[in-house]
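**Q** Just passing along the structure, written as C-alpha cells.
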Amino acid sequence: MTDGRAAGASVATRPSAGTETVLEARAIRKAFGAVLALDGVSFTLRRGEIHGLVGQNGAGKSTLVKVLSGVHQPDAGEIRLAGRAVVVHSPQEARRLGIAMVFQEFSLTPSLSVAENVVLGREPRRLGILVDDRAAREHSRAILESLGAAIKPDAPVGRLPVGAQQLVEIAKALAGSPSILILDEPTASLSQAEIETLFAALRRLRIQGVSMIYISHHLGEVMAICDRLTVLRDGRVQLAARPGDVDLTAVIEAMTGAPIGARSMGSGTEAARPATEVPLLELEGWTLDRRLSGVDLRVRAGEIVGVAGLLGSGRTSLLRSIMGLEPGVAGRLRVRGREIAITSPAAALRAGLAYVPEDRRREGIIPGQSVEANLLLAIWRRLARLGILRPATVSARATELIRRLEVRAAGPWQPIEFLSGGNQQKVVVGRSLAVEPLVLLLDDPTAGIDIGSRRELLGHIRRFADSGRGVVLVSSELDELAEIADRVAILRRGRISRILDRAAGDELSEAAILAAIHADEGLAA
Amino acid sequence: MTAGDRDAPLGFVESARRRVAAGRIENLIVYLGFLVIFAFFAVVLRDRGFLTPDNLANIGRQTAMVSIMAVGMTFALSAGEIDLSIGSIVALSAMVAAILLRDGHFSLAIAAALGVGLLTGFVNGLLTTKVRIPSFLVTLGMMSILVGLARITTNLEPVPITNQAYVFWFGSGDLGPIPILLVWTAVFVFAGHVLLRFTPFGRHLLATGGNRTAARYSGIDTDRIKIAALMISATCAAVAGMLFAGRLHGARYTLGETELMTVIAATVIGGTSLFGGRGSVIGALVGSLLMGVLNNGLLLLGLTVSEQLVARGAIIIVAVALSLREARTS
C-alpha cells in the first residue's frame, strides 16, 4: 500500500521523473448491483512511467480505468491528481484534468484526413468560426513527429494500415496535451512490426514525461514495455511489482489464484486414438493470409475442442474461415473424412457445420422479431409441408426448443429484445442446435451473460457433444474451457502453438491454459 | 409462460392482447385509423352518398391498383430495400400492353407487360445486391429510365385499348356483383399474405430485412431473397399498370406518376417497417383502403384538387408518424 508521499507541495520542488506520483487511487470500491467490481483497489501512477494493468476478464481492469477516466463514479475511495483530491464527474472532466483514454475500438472517422481526426473537437479556428486547416495540419504533424510516426497529415485515415491508425488514435488522445494516457489493449490488431513501432512511440512519450496505464492480455508485452505492473483479480490488487522482480509464473498465479502444476505447459502432442476413428471435422494446413498459418485441427464425435488465444490470435478468423466467410483460405477441410470446399455459410450448413458468432447483437439476434422467428431461422424449410408453414407445427417446434433450452420467455411470440442477454444467447445457440449439425462452432458464446445462463448454456453444449456430435469452442473465459473442453488448442499469432489434451495427461485448468498461452512469450521476454 | 402458448390460430382479441403486451400496436393503429376516418366520413357525408353501395364499390375500384402495389412494396420494404420505380413500371407496362393489343396480340400483351415488371425487378435486384448500389438509388435511376422509355415508345401520345376481353378482365368487368378489380385485389392480398406469413420464403425475407448477417449465417441466400423481393414489387406494379390500362381503356405515359407516395404511405401506415424486418400484407391493404377512403371523402366534401393534396399530405404525415412512433417503442 502506498502512502501518497508525493504531496501537492512537493510536485513543483521535486521534478525528478520516475518517482513523483501523478495519480493515486485510494481504496476504490465500485459495485454494479450485487457484483463488486472493485473491492478497495489502490493504485499509483508515477510521472513518466508505463504501468501495466493485468487481469483476467472480469478482474476489474476496465472498471478501474473507467473510474479514473470519469465514466463511472466510485462508491468509496479517493482519486488524487498530483497530490490533490479530485472528483472526476465525466470523461470531459477527465480530459480537462489531463487524463486521456485510447480506446480499443478506434474512434476514428475513416473518411476524414489524419489531421482532421487528430484535432476533431478542438479544431484551431480562424476569425472565430473557420477551421484553420493549416494550423490543424501543423499541430498533427508535430504530435505525430513526437511519436516518431511517419504519417502524412493529409492522408485519409481509412486508407492507413491498422498500425498507423492506432498511432493516429494515440495522436488524437495527445491533441489535448494530457499528462496521463490510458491505453486499452493497444496491440490487439497489430502485427509484430507494428507493435515495435508502437512501443518506440510509447517510449518517446515516456521520455517526454507522459504517464501511461497500459492494459493488455499479452503478458509478454507487458513484461517488456512496462516499468511496473499491477495484477487484479476479483476486484482486488493481487500483485504490484516491477517486471524485473517477478517472473511470468508469478504473474499468472496472481491472475488465476492457483499454482501452475508441473505438466501444465502442454505436451504439444495428443493422446493416441484408434486409427480407425474418422474425425467429424478435420483441418490440415489451414491458412488464411496473415491471420492463420498451417492450422491442423481434428474434432471427433463426442468431443469439445476448446480454442484459446489472445485477441488477434486468429481464433475468430478460424471459425469464420471454416464457415466459408473468409475468401482466400488455403488448406484441406474434411467432414467425416470427405474433403470438401466450403464457400458460404449455406454450404457449411449443408455439410453439417453450424456457427454461433461472437457478436450476439450485430450478428446473432434479429431485433424486433419474435423468439420464434429467431429460433427457427435456419429450419423454416424443414418445417414446411408442401411449401406451407402451419402455425401449429411452427409454434409446437418453437415451444419445444424454448423448453429444451430453458429460455425464459413469456412465449414464442415475445420479441427477442425483451429477453435478458443470457436468454437471447440461448436462442441464438438454440437456432444452431435446431439444425442438428455434426459440428457446432461457437465463438465466445458466454461473453457478457449472467452466471446462471452460462451454466445452462455450457450444459447444453456438453450434452450436444455427448450425443455423438463435435464442438469447437472458442472462448476467452479460460475457466470454462478448463471445465468442459476435452482438449484445448492454443492459438498464437495464427498458429496452434500447443495442445492441452486431458486424455494425454495434461492438466486442464485456468492457470495451465493461461500459462500455455504465454509460454512462448515468456521465453521471448 | 402463459397458458395456451401452443394453441394454434389465435382469435383477434388474443392476438391483439399479445401485440399490446409486446409493445407491437402499430398494426392496430391502422385498423383504428381506418375505422375513425371511415366513421367520420360516414357521419359528415351521410347526405352526399358516401355510404351508398355504388360509392363503396367505387372506392374499392380506385384503391385496387394501390393495394396491389402496396402488397409488392411490403415485400421490398420487409427485405430492407425500397422500390421507387413502381410508378414508372405502371406507365411502361400499361403502354406495352396497349401497343401490343393495338396490333391484336392478346397473350403477348399480357406476357410482355408482366415481363416489364419481372425484368425491371431483376435488374433492380441485381444492381442492389451484386453491384451493391443502394436500392434507393438504383430504383430512382430506373424510374427515370422507364418513364423516358414510356414517353419514347409513343412519342407522348396516349394509346387507346379497344380489346373488349382485355378491358373486361383487366379493369372494367364485373363478376356477378363483384368488380373484377376487387377480385384482383383479393387474389394478390391473399397470395401475398400467405407468401409472407406461411412460407419459408416469407420468413427468410423477414429475417434478411431484420438482420442480414444473422440470416446469412443461418444458410439463407440473402442476395436471392432481395432480388426476389424487388421482382415481386416490380411485378405487382406491372400488374397494376395493366389494370390501370384496362380501367381507363388506354395507356398514357403519365399513368402511375402520383402513386408512389400513396403506396409507400399505405404500406408504412399498415405496419411495415421502412428499415426492414417487419411487414404486413393485410396492414398494407387496410392502409391502401384508408388512402382510398380519404381520397373519396375529401372529394365528396367538395375540396378542390389542390386542397385535397394539402389535406392528404398532412394526414399521411400524421398517420406515418403515428405508426413509426409505435414501431420505435418496441
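Please note that chains go A, B, ... in the order of the C-alpha cells, that every chain numbers its residues from 1, and that ligands are numbered from 1 in the order shown.
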Write out as a list of chain:residue names which residues come within 9 Å of region 195-197 of chain B when counting only C-alpha atoms, dropping same-chain ones fewer than 2 positions away.
**A**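 With the cut-off at 9 Å, the set is A:Ile388, A:Leu389, B:Phe75, B:Phe190, B:Ala191, B:Gly192, B:His193, B:Thr199, B:Pro200, B:Phe201, B:Gly202, B:Arg203, B:Leu205, B:Leu206, B:Gly279, B:Ser280, B:Val281.
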**Q** Could you write those residues out with all heavy atoms, as a short mmCIF file (atom, residue, chain, number, x, y, z; two decimals), in the first residue's frame?
**A**
data_model
loop_
_atom_site.label_atom_id
_atom_site.label_comp_id
_atom_site.auth_asym_id
_atom_site.auth_seq_id
_atom_site.Cartn_x
_atom_site.Cartn_y
_atom_site.Cartn_z
N ILE A 388 -45.77 -24.93 -47.27
CA ILE A 388 -46.55 -24.07 -46.37
C ILE A 388 -46.19 -24.37 -44.92
O ILE A 388 -46.04 -25.52 -44.53
CB ILE A 388 -48.07 -24.30 -46.60
CG1 ILE A 388 -48.48 -23.85 -47.99
CG2 ILE A 388 -48.90 -23.59 -45.53
CD1 ILE A 388 -48.38 -22.36 -48.23
N LEU A 389 -46.06 -23.31 -44.13
CA LEU A 389 -45.80 -23.46 -42.70
C LEU A 389 -47.12 -23.42 -41.96
O LEU A 389 -47.86 -22.45 -42.04
CB LEU A 389 -44.91 -22.30 -42.23
CG LEU A 389 -43.50 -22.26 -42.79
CD1 LEU A 389 -42.91 -20.87 -42.63
CD2 LEU A 389 -42.62 -23.29 -42.10
N PHE B 75 -43.12 -6.39 -49.60
CA PHE B 75 -42.01 -7.32 -49.74
C PHE B 75 -40.68 -6.57 -49.86
O PHE B 75 -39.69 -6.94 -49.24
CB PHE B 75 -42.23 -8.23 -50.95
CG PHE B 75 -43.22 -9.33 -50.67
CD1 PHE B 75 -44.59 -9.09 -50.77
CD2 PHE B 75 -42.80 -10.58 -50.28
CE1 PHE B 75 -45.51 -10.08 -50.48
CE2 PHE B 75 -43.71 -11.59 -49.99
CZ PHE B 75 -45.07 -11.33 -50.09
N PHE B 190 -54.32 -12.10 -50.78
CA PHE B 190 -54.28 -13.45 -50.23
C PHE B 190 -52.94 -14.11 -50.51
O PHE B 190 -52.27 -14.64 -49.61
CB PHE B 190 -55.43 -14.29 -50.81
CG PHE B 190 -55.43 -15.72 -50.32
CD1 PHE B 190 -55.90 -16.02 -49.04
CD2 PHE B 190 -54.93 -16.74 -51.11
CE1 PHE B 190 -55.88 -17.32 -48.58
CE2 PHE B 190 -54.91 -18.05 -50.65
CZ PHE B 190 -55.39 -18.34 -49.38
N ALA B 191 -52.52 -14.06 -51.77
CA ALA B 191 -51.25 -14.70 -52.14
C ALA B 191 -50.09 -14.06 -51.38
O ALA B 191 -49.21 -14.75 -50.87
CB ALA B 191 -51.03 -14.60 -53.65
N GLY B 192 -50.11 -12.73 -51.31
CA GLY B 192 -49.03 -12.03 -50.61
C GLY B 192 -48.98 -12.38 -49.14
O GLY B 192 -47.91 -12.64 -48.58
N HIS B 193 -50.16 -12.43 -48.53
CA HIS B 193 -50.23 -12.75 -47.11
C HIS B 193 -49.69 -14.15 -46.84
O HIS B 193 -48.87 -14.35 -45.93
CB HIS B 193 -51.67 -12.62 -46.62
CG HIS B 193 -51.83 -12.86 -45.15
ND1 HIS B 193 -51.28 -12.04 -44.20
CD2 HIS B 193 -52.46 -13.85 -44.48
CE1 HIS B 193 -51.56 -12.51 -43.00
NE2 HIS B 193 -52.27 -13.61 -43.14
N THR B 199 -44.83 -19.19 -45.58
CA THR B 199 -43.86 -19.98 -46.36
C THR B 199 -42.45 -19.68 -45.84
O THR B 199 -42.20 -18.62 -45.28
CB THR B 199 -43.88 -19.61 -47.86
OG1 THR B 199 -43.40 -18.27 -48.01
CG2 THR B 199 -45.28 -19.72 -48.45
N PRO B 200 -41.54 -20.63 -46.02
CA PRO B 200 -40.15 -20.39 -45.65
C PRO B 200 -39.59 -19.14 -46.34
O PRO B 200 -38.85 -18.38 -45.73
CB PRO B 200 -39.44 -21.66 -46.13
CG PRO B 200 -40.48 -22.71 -46.09
CD PRO B 200 -41.77 -22.01 -46.47
N PHE B 201 -40.00 -18.92 -47.60
CA PHE B 201 -39.50 -17.73 -48.30
C PHE B 201 -39.85 -16.46 -47.53
O PHE B 201 -38.99 -15.58 -47.34
CB PHE B 201 -40.10 -17.66 -49.71
CG PHE B 201 -39.84 -16.35 -50.40
CD1 PHE B 201 -38.59 -16.05 -50.93
CD2 PHE B 201 -40.84 -15.39 -50.49
CE1 PHE B 201 -38.34 -14.84 -51.54
CE2 PHE B 201 -40.60 -14.16 -51.10
CZ PHE B 201 -39.35 -13.88 -51.62
N GLY B 202 -41.08 -16.36 -47.07
CA GLY B 202 -41.50 -15.17 -46.33
C GLY B 202 -40.70 -14.98 -45.06
O GLY B 202 -40.25 -13.88 -44.74
N ARG B 203 -40.48 -16.08 -44.34
CA ARG B 203 -39.70 -15.99 -43.09
C ARG B 203 -38.25 -15.60 -43.39
O ARG B 203 -37.64 -14.84 -42.65
CB ARG B 203 -39.74 -17.32 -42.34
CG ARG B 203 -41.14 -17.80 -42.00
CD ARG B 203 -41.88 -16.77 -41.18
NE ARG B 203 -43.16 -17.29 -40.75
CZ ARG B 203 -43.52 -17.41 -39.47
NH1 ARG B 203 -42.70 -17.05 -38.51
NH2 ARG B 203 -44.70 -17.89 -39.16
N LEU B 205 -37.29 -13.86 -45.88
CA LEU B 205 -37.29 -12.46 -46.30
C LEU B 205 -37.32 -11.54 -45.08
O LEU B 205 -36.55 -10.58 -44.99
CB LEU B 205 -38.50 -12.22 -47.20
CG LEU B 205 -38.62 -10.84 -47.83
CD1 LEU B 205 -38.79 -10.96 -49.32
CD2 LEU B 205 -39.77 -10.07 -47.25
N LEU B 206 -38.17 -11.85 -44.13
CA LEU B 206 -38.25 -11.02 -42.92
C LEU B 206 -36.93 -11.08 -42.14
O LEU B 206 -36.48 -10.08 -41.60
CB LEU B 206 -39.42 -11.48 -42.04
CG LEU B 206 -40.80 -11.16 -42.60
CD1 LEU B 206 -41.89 -11.92 -41.84
CD2 LEU B 206 -41.08 -9.66 -42.53
N GLY B 279 -43.19 -6.71 -41.70
CA GLY B 279 -44.11 -6.37 -42.77
C GLY B 279 -45.46 -7.02 -42.59
O GLY B 279 -45.58 -8.07 -41.97
N SER B 280 -46.50 -6.36 -43.11
CA SER B 280 -47.83 -6.92 -43.02
C SER B 280 -48.59 -6.63 -44.30
O SER B 280 -48.80 -5.48 -44.67
CB SER B 280 -48.58 -6.32 -41.82
OG SER B 280 -49.96 -6.63 -41.92
N VAL B 281 -48.98 -7.70 -45.00
CA VAL B 281 -49.73 -7.55 -46.24
C VAL B 281 -51.14 -7.06 -45.95
O VAL B 281 -51.67 -6.18 -46.64
CB VAL B 281 -49.74 -8.88 -47.02
CG1 VAL B 281 -50.72 -8.82 -48.18
CG2 VAL B 281 -48.34 -9.19 -47.53
#
**Q** At a cut-off of 6 Å, list the chain A residues touching chain B, using only C-alpha atoms, as JSON, numbers by chain.
**A** {"A": [345, 346, 363, 364, 366, 378, 380, 381, 387, 388, 389, 391, 392, 410, 411]}
**Q** Any chance you could export the current selection's all heavy atoms as an mmCIF file, in the first residue's frame?
**A**
data_model
loop_
_atom_site.group_PDB
_atom_site.id
_atom_site.type_symbol
_atom_site.label_atom_id
_atom_site.label_comp_id
_atom_site.auth_asym_id
_atom_site.auth_seq_id
_atom_site.Cartn_x
_atom_site.Cartn_y
_atom_site.Cartn_z
ATOM 1 N N PRO A 345 -21.757 -19.775 -45.848
ATOM 2 C CA PRO A 345 -22.368 -20.399 -44.680
ATOM 3 C C PRO A 345 -23.430 -21.429 -45.080
ATOM 4 O O PRO A 345 -23.591 -22.447 -44.396
ATOM 5 C CB PRO A 345 -23.010 -19.217 -43.941
ATOM 6 C CG PRO A 345 -22.257 -18.027 -44.389
ATOM 7 C CD PRO A 345 -21.856 -18.304 -45.805
ATOM 8 N N ALA A 346 -24.121 -21.173 -46.199
ATOM 9 C CA ALA A 346 -25.134 -22.133 -46.641
ATOM 10 C C ALA A 346 -24.484 -23.476 -46.946
ATOM 11 O O ALA A 346 -24.998 -24.531 -46.566
ATOM 12 C CB ALA A 346 -25.868 -21.585 -47.867
ATOM 13 N N GLU A 363 -24.651 -9.849 -35.034
ATOM 14 C CA GLU A 363 -24.647 -10.970 -35.964
ATOM 15 C C GLU A 363 -25.568 -12.101 -35.536
ATOM 16 O O GLU A 363 -25.793 -13.033 -36.286
ATOM 17 C CB GLU A 363 -23.213 -11.509 -36.106
ATOM 18 C CG GLU A 363 -22.217 -10.450 -36.475
ATOM 19 C CD GLU A 363 -20.823 -11.016 -36.693
ATOM 20 O OE1 GLU A 363 -20.424 -11.894 -35.912
ATOM 21 O OE2 GLU A 363 -20.158 -10.570 -37.638
ATOM 22 N N GLY A 364 -26.071 -12.016 -34.311
ATOM 23 C CA GLY A 364 -26.852 -13.120 -33.782
ATOM 24 C C GLY A 364 -28.349 -12.905 -33.878
ATOM 25 O O GLY A 364 -29.028 -13.509 -34.696
ATOM 26 N N ILE A 366 -32.132 -11.241 -34.427
ATOM 27 C CA ILE A 366 -32.844 -10.338 -35.327
ATOM 28 C C ILE A 366 -33.710 -9.472 -34.429
ATOM 29 O O ILE A 366 -34.745 -9.915 -33.936
ATOM 30 C CB ILE A 366 -33.733 -11.101 -36.308
ATOM 31 C CG1 ILE A 366 -32.915 -12.165 -37.027
ATOM 32 C CG2 ILE A 366 -34.356 -10.145 -37.306
ATOM 33 C CD1 ILE A 366 -33.751 -13.035 -37.914
ATOM 34 N N ALA A 378 -33.069 -21.043 -39.106
ATOM 35 C CA ALA A 378 -32.314 -21.910 -40.004
ATOM 36 C C ALA A 378 -33.087 -23.158 -40.422
ATOM 37 O O ALA A 378 -32.576 -23.971 -41.195
ATOM 38 C CB ALA A 378 -30.988 -22.301 -39.348
ATOM 39 N N TRP A 380 -36.666 -23.165 -41.325
ATOM 40 C CA TRP A 380 -38.006 -22.929 -41.881
ATOM 41 C C TRP A 380 -38.346 -23.936 -42.974
ATOM 42 O O TRP A 380 -39.453 -24.438 -43.055
ATOM 43 C CB TRP A 380 -38.116 -21.511 -42.445
ATOM 44 C CG TRP A 380 -38.192 -20.444 -41.404
ATOM 45 C CD1 TRP A 380 -37.317 -19.406 -41.240
ATOM 46 C CD2 TRP A 380 -39.190 -20.280 -40.384
ATOM 47 N NE1 TRP A 380 -37.704 -18.628 -40.177
ATOM 48 C CE2 TRP A 380 -38.841 -19.130 -39.647
ATOM 49 C CE3 TRP A 380 -40.332 -20.986 -40.026
ATOM 50 C CZ2 TRP A 380 -39.602 -18.675 -38.560
ATOM 51 C CZ3 TRP A 380 -41.093 -20.528 -38.959
ATOM 52 C CH2 TRP A 380 -40.722 -19.394 -38.247
ATOM 53 N N ARG A 381 -37.377 -24.230 -43.845
ATOM 54 C CA ARG A 381 -37.675 -25.139 -44.964
ATOM 55 C C ARG A 381 -38.064 -26.514 -44.461
ATOM 56 O O ARG A 381 -38.936 -27.163 -45.013
ATOM 57 C CB ARG A 381 -36.461 -25.258 -45.887
ATOM 58 C CG ARG A 381 -36.489 -24.207 -46.946
ATOM 59 C CD ARG A 381 -35.787 -24.633 -48.208
ATOM 60 N NE ARG A 381 -35.482 -23.436 -48.953
ATOM 61 C CZ ARG A 381 -34.371 -22.735 -48.800
ATOM 62 N NH1 ARG A 381 -33.426 -23.176 -47.986
ATOM 63 N NH2 ARG A 381 -34.185 -21.625 -49.459
ATOM 64 N N GLY A 387 -44.529 -26.707 -48.919
ATOM 65 C CA GLY A 387 -44.192 -25.291 -49.060
ATOM 66 C C GLY A 387 -44.911 -24.366 -48.106
ATOM 67 O O GLY A 387 -44.704 -23.163 -48.143
ATOM 68 N N ILE A 388 -45.768 -24.930 -47.268
ATOM 69 C CA ILE A 388 -46.552 -24.073 -46.373
ATOM 70 C C ILE A 388 -46.193 -24.372 -44.920
ATOM 71 O O ILE A 388 -46.041 -25.523 -44.529
ATOM 72 C CB ILE A 388 -48.072 -24.304 -46.598
ATOM 73 C CG1 ILE A 388 -48.483 -23.851 -47.993
ATOM 74 C CG2 ILE A 388 -48.898 -23.588 -45.529
ATOM 75 C CD1 ILE A 388 -48.378 -22.357 -48.232
ATOM 76 N N LEU A 389 -46.059 -23.315 -44.133
ATOM 77 C CA LEU A 389 -45.796 -23.460 -42.705
ATOM 78 C C LEU A 389 -47.116 -23.424 -41.956
ATOM 79 O O LEU A 389 -47.860 -22.450 -42.044
ATOM 80 C CB LEU A 389 -44.914 -22.300 -42.226
ATOM 81 C CG LEU A 389 -43.499 -22.265 -42.786
ATOM 82 C CD1 LEU A 389 -42.910 -20.871 -42.634
ATOM 83 C CD2 LEU A 389 -42.618 -23.286 -42.096
ATOM 84 N N PRO A 391 -49.134 -22.927 -38.637
ATOM 85 C CA PRO A 391 -48.861 -22.262 -37.351
ATOM 86 C C PRO A 391 -48.738 -23.256 -36.198
ATOM 87 O O PRO A 391 -47.888 -23.084 -35.318
ATOM 88 C CB PRO A 391 -50.076 -21.356 -37.163
ATOM 89 C CG PRO A 391 -50.555 -21.077 -38.535
ATOM 90 C CD PRO A 391 -50.274 -22.316 -39.342
ATOM 91 N N ALA A 392 -49.538 -24.315 -36.211
ATOM 92 C CA ALA A 392 -49.488 -25.279 -35.108
ATOM 93 C C ALA A 392 -48.133 -25.973 -35.068
ATOM 94 O O ALA A 392 -47.513 -26.105 -34.004
ATOM 95 C CB ALA A 392 -50.615 -26.298 -35.255
ATOM 96 N N ALA A 410 -41.864 -15.208 -22.184
ATOM 97 C CA ALA A 410 -43.300 -15.303 -21.911
ATOM 98 C C ALA A 410 -43.958 -16.228 -22.921
ATOM 99 O O ALA A 410 -45.022 -16.773 -22.668
ATOM 100 C CB ALA A 410 -43.925 -13.914 -21.951
ATOM 101 N N GLY A 411 -43.337 -16.422 -24.048
ATOM 102 C CA GLY A 411 -43.889 -17.298 -25.072
ATOM 103 C C GLY A 411 -43.120 -17.090 -26.365
ATOM 104 O O GLY A 411 -42.313 -16.172 -26.466
#
**Q** Considering only C-alpha atoms, can you say which of A:Ile252, A:Leu38, A:Ala341, A:Ala434 comes closest to Ile513 (chain A)?
**A**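 Among the listed residues, A:Ile252 lies closest to Ile513 (chain A).
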**Q** Env of region 209-212 of chain A: 10 Å cut, atoms = only C-alpha atoms, seq-sep filter 5 positions within chain, self excluded. Answer as an MDAnalysis selection string.
**A** chainID A and resid 17:18 21:23 45:52 99:101 174 177:183 202:204 226
**Q** DSSP on the backbone, then: every residue of region 226-307 of chain B marked alpha helix (DSSP H), written as an MDAnalysis selection string.
**A** chainID B and resid 226:248 259:269 281:300 305:307
**Q** Would you write out those residues with C-alpha atoms, as a PDB file, in the first residue's frame?
**A**
ATOM      1  CA  LYS B 226     -33.571  -9.383 -52.016  1.00  0.00           C
ATOM      2  CA  ILE B 227     -33.689  -9.918 -55.781  1.00  0.00           C
ATOM      3  CA  ALA B 228     -36.937 -11.857 -55.363  1.00  0.00           C
ATOM      4  CA  ALA B 229     -38.399  -9.110 -53.161  1.00  0.00           C
ATOM      5  CA  LEU B 230     -37.663  -6.436 -55.754  1.00  0.00           C
ATOM      6  CA  MET B 231     -39.051  -8.677 -58.517  1.00  0.00           C
ATOM      7  CA  ILE B 232     -42.276  -9.150 -56.566  1.00  0.00           C
ATOM      8  CA  SER B 233     -42.570  -5.431 -56.024  1.00  0.00           C
ATOM      9  CA  ALA B 234     -41.926  -4.626 -59.696  1.00  0.00           C
ATOM     10  CA  THR B 235     -44.271  -7.342 -60.939  1.00  0.00           C
ATOM     11  CA  CYS B 236     -47.088  -6.130 -58.700  1.00  0.00           C
ATOM     12  CA  ALA B 237     -46.540  -2.675 -60.209  1.00  0.00           C
ATOM     13  CA  ALA B 238     -46.661  -4.154 -63.723  1.00  0.00           C
ATOM     14  CA  VAL B 239     -49.999  -5.812 -62.936  1.00  0.00           C
ATOM     15  CA  ALA B 240     -51.247  -2.523 -61.514  1.00  0.00           C
ATOM     16  CA  GLY B 241     -50.226  -0.891 -64.796  1.00  0.00           C
ATOM     17  CA  MET B 242     -52.221  -3.492 -66.787  1.00  0.00           C
ATOM     18  CA  LEU B 243     -55.245  -2.827 -64.584  1.00  0.00           C
ATOM     19  CA  PHE B 244     -54.933   0.951 -64.994  1.00  0.00           C
ATOM     20  CA  ALA B 245     -54.890   0.446 -68.754  1.00  0.00           C
ATOM     21  CA  GLY B 246     -57.936  -1.835 -68.639  1.00  0.00           C
ATOM     22  CA  ARG B 247     -59.872   0.507 -66.381  1.00  0.00           C
ATOM     23  CA  LEU B 248     -59.108   3.613 -68.410  1.00  0.00           C
ATOM     24  CA  GLU B 259     -48.945   6.613 -56.976  1.00  0.00           C
ATOM     25  CA  LEU B 260     -45.504   6.175 -55.426  1.00  0.00           C
ATOM     26  CA  MET B 261     -46.065   8.310 -52.345  1.00  0.00           C
ATOM     27  CA  THR B 262     -49.521   6.859 -51.761  1.00  0.00           C
ATOM     28  CA  VAL B 263     -48.197   3.303 -51.971  1.00  0.00           C
ATOM     29  CA  ILE B 264     -45.282   3.879 -49.599  1.00  0.00           C
ATOM     30  CA  ALA B 265     -47.527   5.710 -47.144  1.00  0.00           C
ATOM     31  CA  ALA B 266     -50.172   2.957 -47.280  1.00  0.00           C
ATOM     32  CA  THR B 267     -47.537   0.278 -46.688  1.00  0.00           C
ATOM     33  CA  VAL B 268     -45.839   2.044 -43.792  1.00  0.00           C
ATOM     34  CA  ILE B 269     -49.136   3.007 -42.166  1.00  0.00           C
ATOM     35  CA  VAL B 281     -49.731  -7.548 -46.240  1.00  0.00           C
ATOM     36  CA  ILE B 282     -53.105  -7.192 -44.547  1.00  0.00           C
ATOM     37  CA  GLY B 283     -51.869  -3.961 -43.000  1.00  0.00           C
ATOM     38  CA  ALA B 284     -50.859  -2.737 -46.449  1.00  0.00           C
ATOM     39  CA  LEU B 285     -54.381  -3.484 -47.726  1.00  0.00           C
ATOM     40  CA  VAL B 286     -56.007  -1.587 -44.883  1.00  0.00           C
ATOM     41  CA  GLY B 287     -53.516   1.247 -45.344  1.00  0.00           C
ATOM     42  CA  SER B 288     -54.469   1.407 -49.021  1.00  0.00           C
ATOM     43  CA  LEU B 289     -58.179   1.381 -48.222  1.00  0.00           C
ATOM     44  CA  LEU B 290     -57.556   4.170 -45.739  1.00  0.00           C
ATOM     45  CA  MET B 291     -55.944   6.185 -48.521  1.00  0.00           C
ATOM     46  CA  GLY B 292     -58.824   5.371 -50.850  1.00  0.00           C
ATOM     47  CA  VAL B 293     -61.488   6.396 -48.325  1.00  0.00           C
ATOM     48  CA  LEU B 294     -59.548   9.568 -47.677  1.00  0.00           C
ATOM     49  CA  ASN B 295     -59.395  10.487 -51.369  1.00  0.00           C
ATOM     50  CA  ASN B 296     -63.063   9.729 -51.882  1.00  0.00           C
ATOM     51  CA  GLY B 297     -64.190  11.517 -48.746  1.00  0.00           C
ATOM     52  CA  LEU B 298     -62.186  14.645 -49.416  1.00  0.00           C
ATOM     53  CA  LEU B 299     -63.601  14.749 -52.929  1.00  0.00           C
ATOM     54  CA  LEU B 300     -67.175  14.390 -51.665  1.00  0.00           C
ATOM     55  CA  VAL B 305     -57.817  19.073 -56.157  1.00  0.00           C
ATOM     56  CA  SER B 306     -55.267  21.470 -54.686  1.00  0.00           C
ATOM     57  CA  GLU B 307     -56.948  21.435 -51.299  1.00  0.00           C
TER      58      GLU B 307
END
**Q** For a test of reading the model, state the distance in Å between CA of Arg320 (chain A) and CA of Leu377 (chain A), rounded to one decimal.
**A** 19.3 Å
**Q** Please compute the CA of Leu156 (chain B)-CA of Leu101 (chain B) distance, one decimal, in Å.
**A**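 Calculated distance between CA of Leu156 (chain B) and CA of Leu101 (chain B) is 17.8 Å.
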**Q** Using only C-alpha atoms, which residues sit within 6 Å of region 416-425 of chain A once same-chain residues fewer than 6 positions away are excluded, as a ChimeraX atom specification?
**A** /A:370-371,407,449-450,453
**Q** DSSP on the backbone: what in region 71-302 of chain B comes out strand (DSSP E), as a PyMOL selection string?
**A** chain B and resi 159-160+174-175+178-179+250-251
**Q** Identify, on the basis of only C-alpha atoms, every residue whose closest approach to Ser111 (chain A) does not exceed 12 Å; exclude the query and any residue fewer than 2 positions from it along the same chain; express the result as a VMD selection string.
**A** chain A and resid 108 to 109 113 to 117 154 to 160
**Q** Can I get the selection written as a short mmCIF file (atom, residue, chain, number, x, y, z; two decimals), in the first residue's frame, with N, CA and C atoms?
**A**
data_model
loop_
_atom_site.label_atom_id
_atom_site.label_comp_id
_atom_site.auth_asym_id
_atom_site.auth_seq_id
_atom_site.Cartn_x
_atom_site.Cartn_y
_atom_site.Cartn_z
N LEU A 108 -11.98 6.65 -34.77
CA LEU A 108 -11.60 7.50 -35.90
C LEU A 108 -12.68 7.48 -36.98
N THR A 109 -12.77 8.58 -37.72
CA THR A 109 -13.67 8.65 -38.86
C THR A 109 -12.87 8.37 -40.13
N SER A 113 -9.35 13.14 -42.96
CA SER A 113 -7.90 13.04 -43.02
C SER A 113 -7.34 12.81 -41.61
N VAL A 114 -6.06 12.45 -41.57
CA VAL A 114 -5.39 12.24 -40.30
C VAL A 114 -5.49 13.50 -39.44
N ALA A 115 -5.17 14.66 -40.04
CA ALA A 115 -5.20 15.91 -39.29
C ALA A 115 -6.60 16.21 -38.77
N GLU A 116 -7.61 16.00 -39.63
CA GLU A 116 -8.98 16.28 -39.20
C GLU A 116 -9.39 15.39 -38.03
N ASN A 117 -8.93 14.16 -38.06
CA ASN A 117 -9.23 13.25 -36.96
C ASN A 117 -8.51 13.67 -35.68
N ASP A 154 -2.36 14.61 -44.31
CA ASP A 154 -3.44 14.74 -45.29
C ASP A 154 -4.05 13.42 -45.71
N ALA A 155 -3.40 12.32 -45.33
CA ALA A 155 -3.90 11.01 -45.78
C ALA A 155 -5.25 10.72 -45.14
N PRO A 156 -6.19 10.16 -45.92
CA PRO A 156 -7.45 9.73 -45.30
C PRO A 156 -7.18 8.55 -44.37
N VAL A 157 -7.75 8.61 -43.18
CA VAL A 157 -7.45 7.60 -42.17
C VAL A 157 -7.83 6.19 -42.63
N GLY A 158 -8.94 6.09 -43.38
CA GLY A 158 -9.41 4.79 -43.83
C GLY A 158 -8.42 4.04 -44.70
N ARG A 159 -7.48 4.78 -45.33
CA ARG A 159 -6.53 4.13 -46.23
C ARG A 159 -5.29 3.65 -45.50
N LEU A 160 -5.13 4.03 -44.22
CA LEU A 160 -3.92 3.66 -43.48
C LEU A 160 -4.01 2.23 -42.98
#
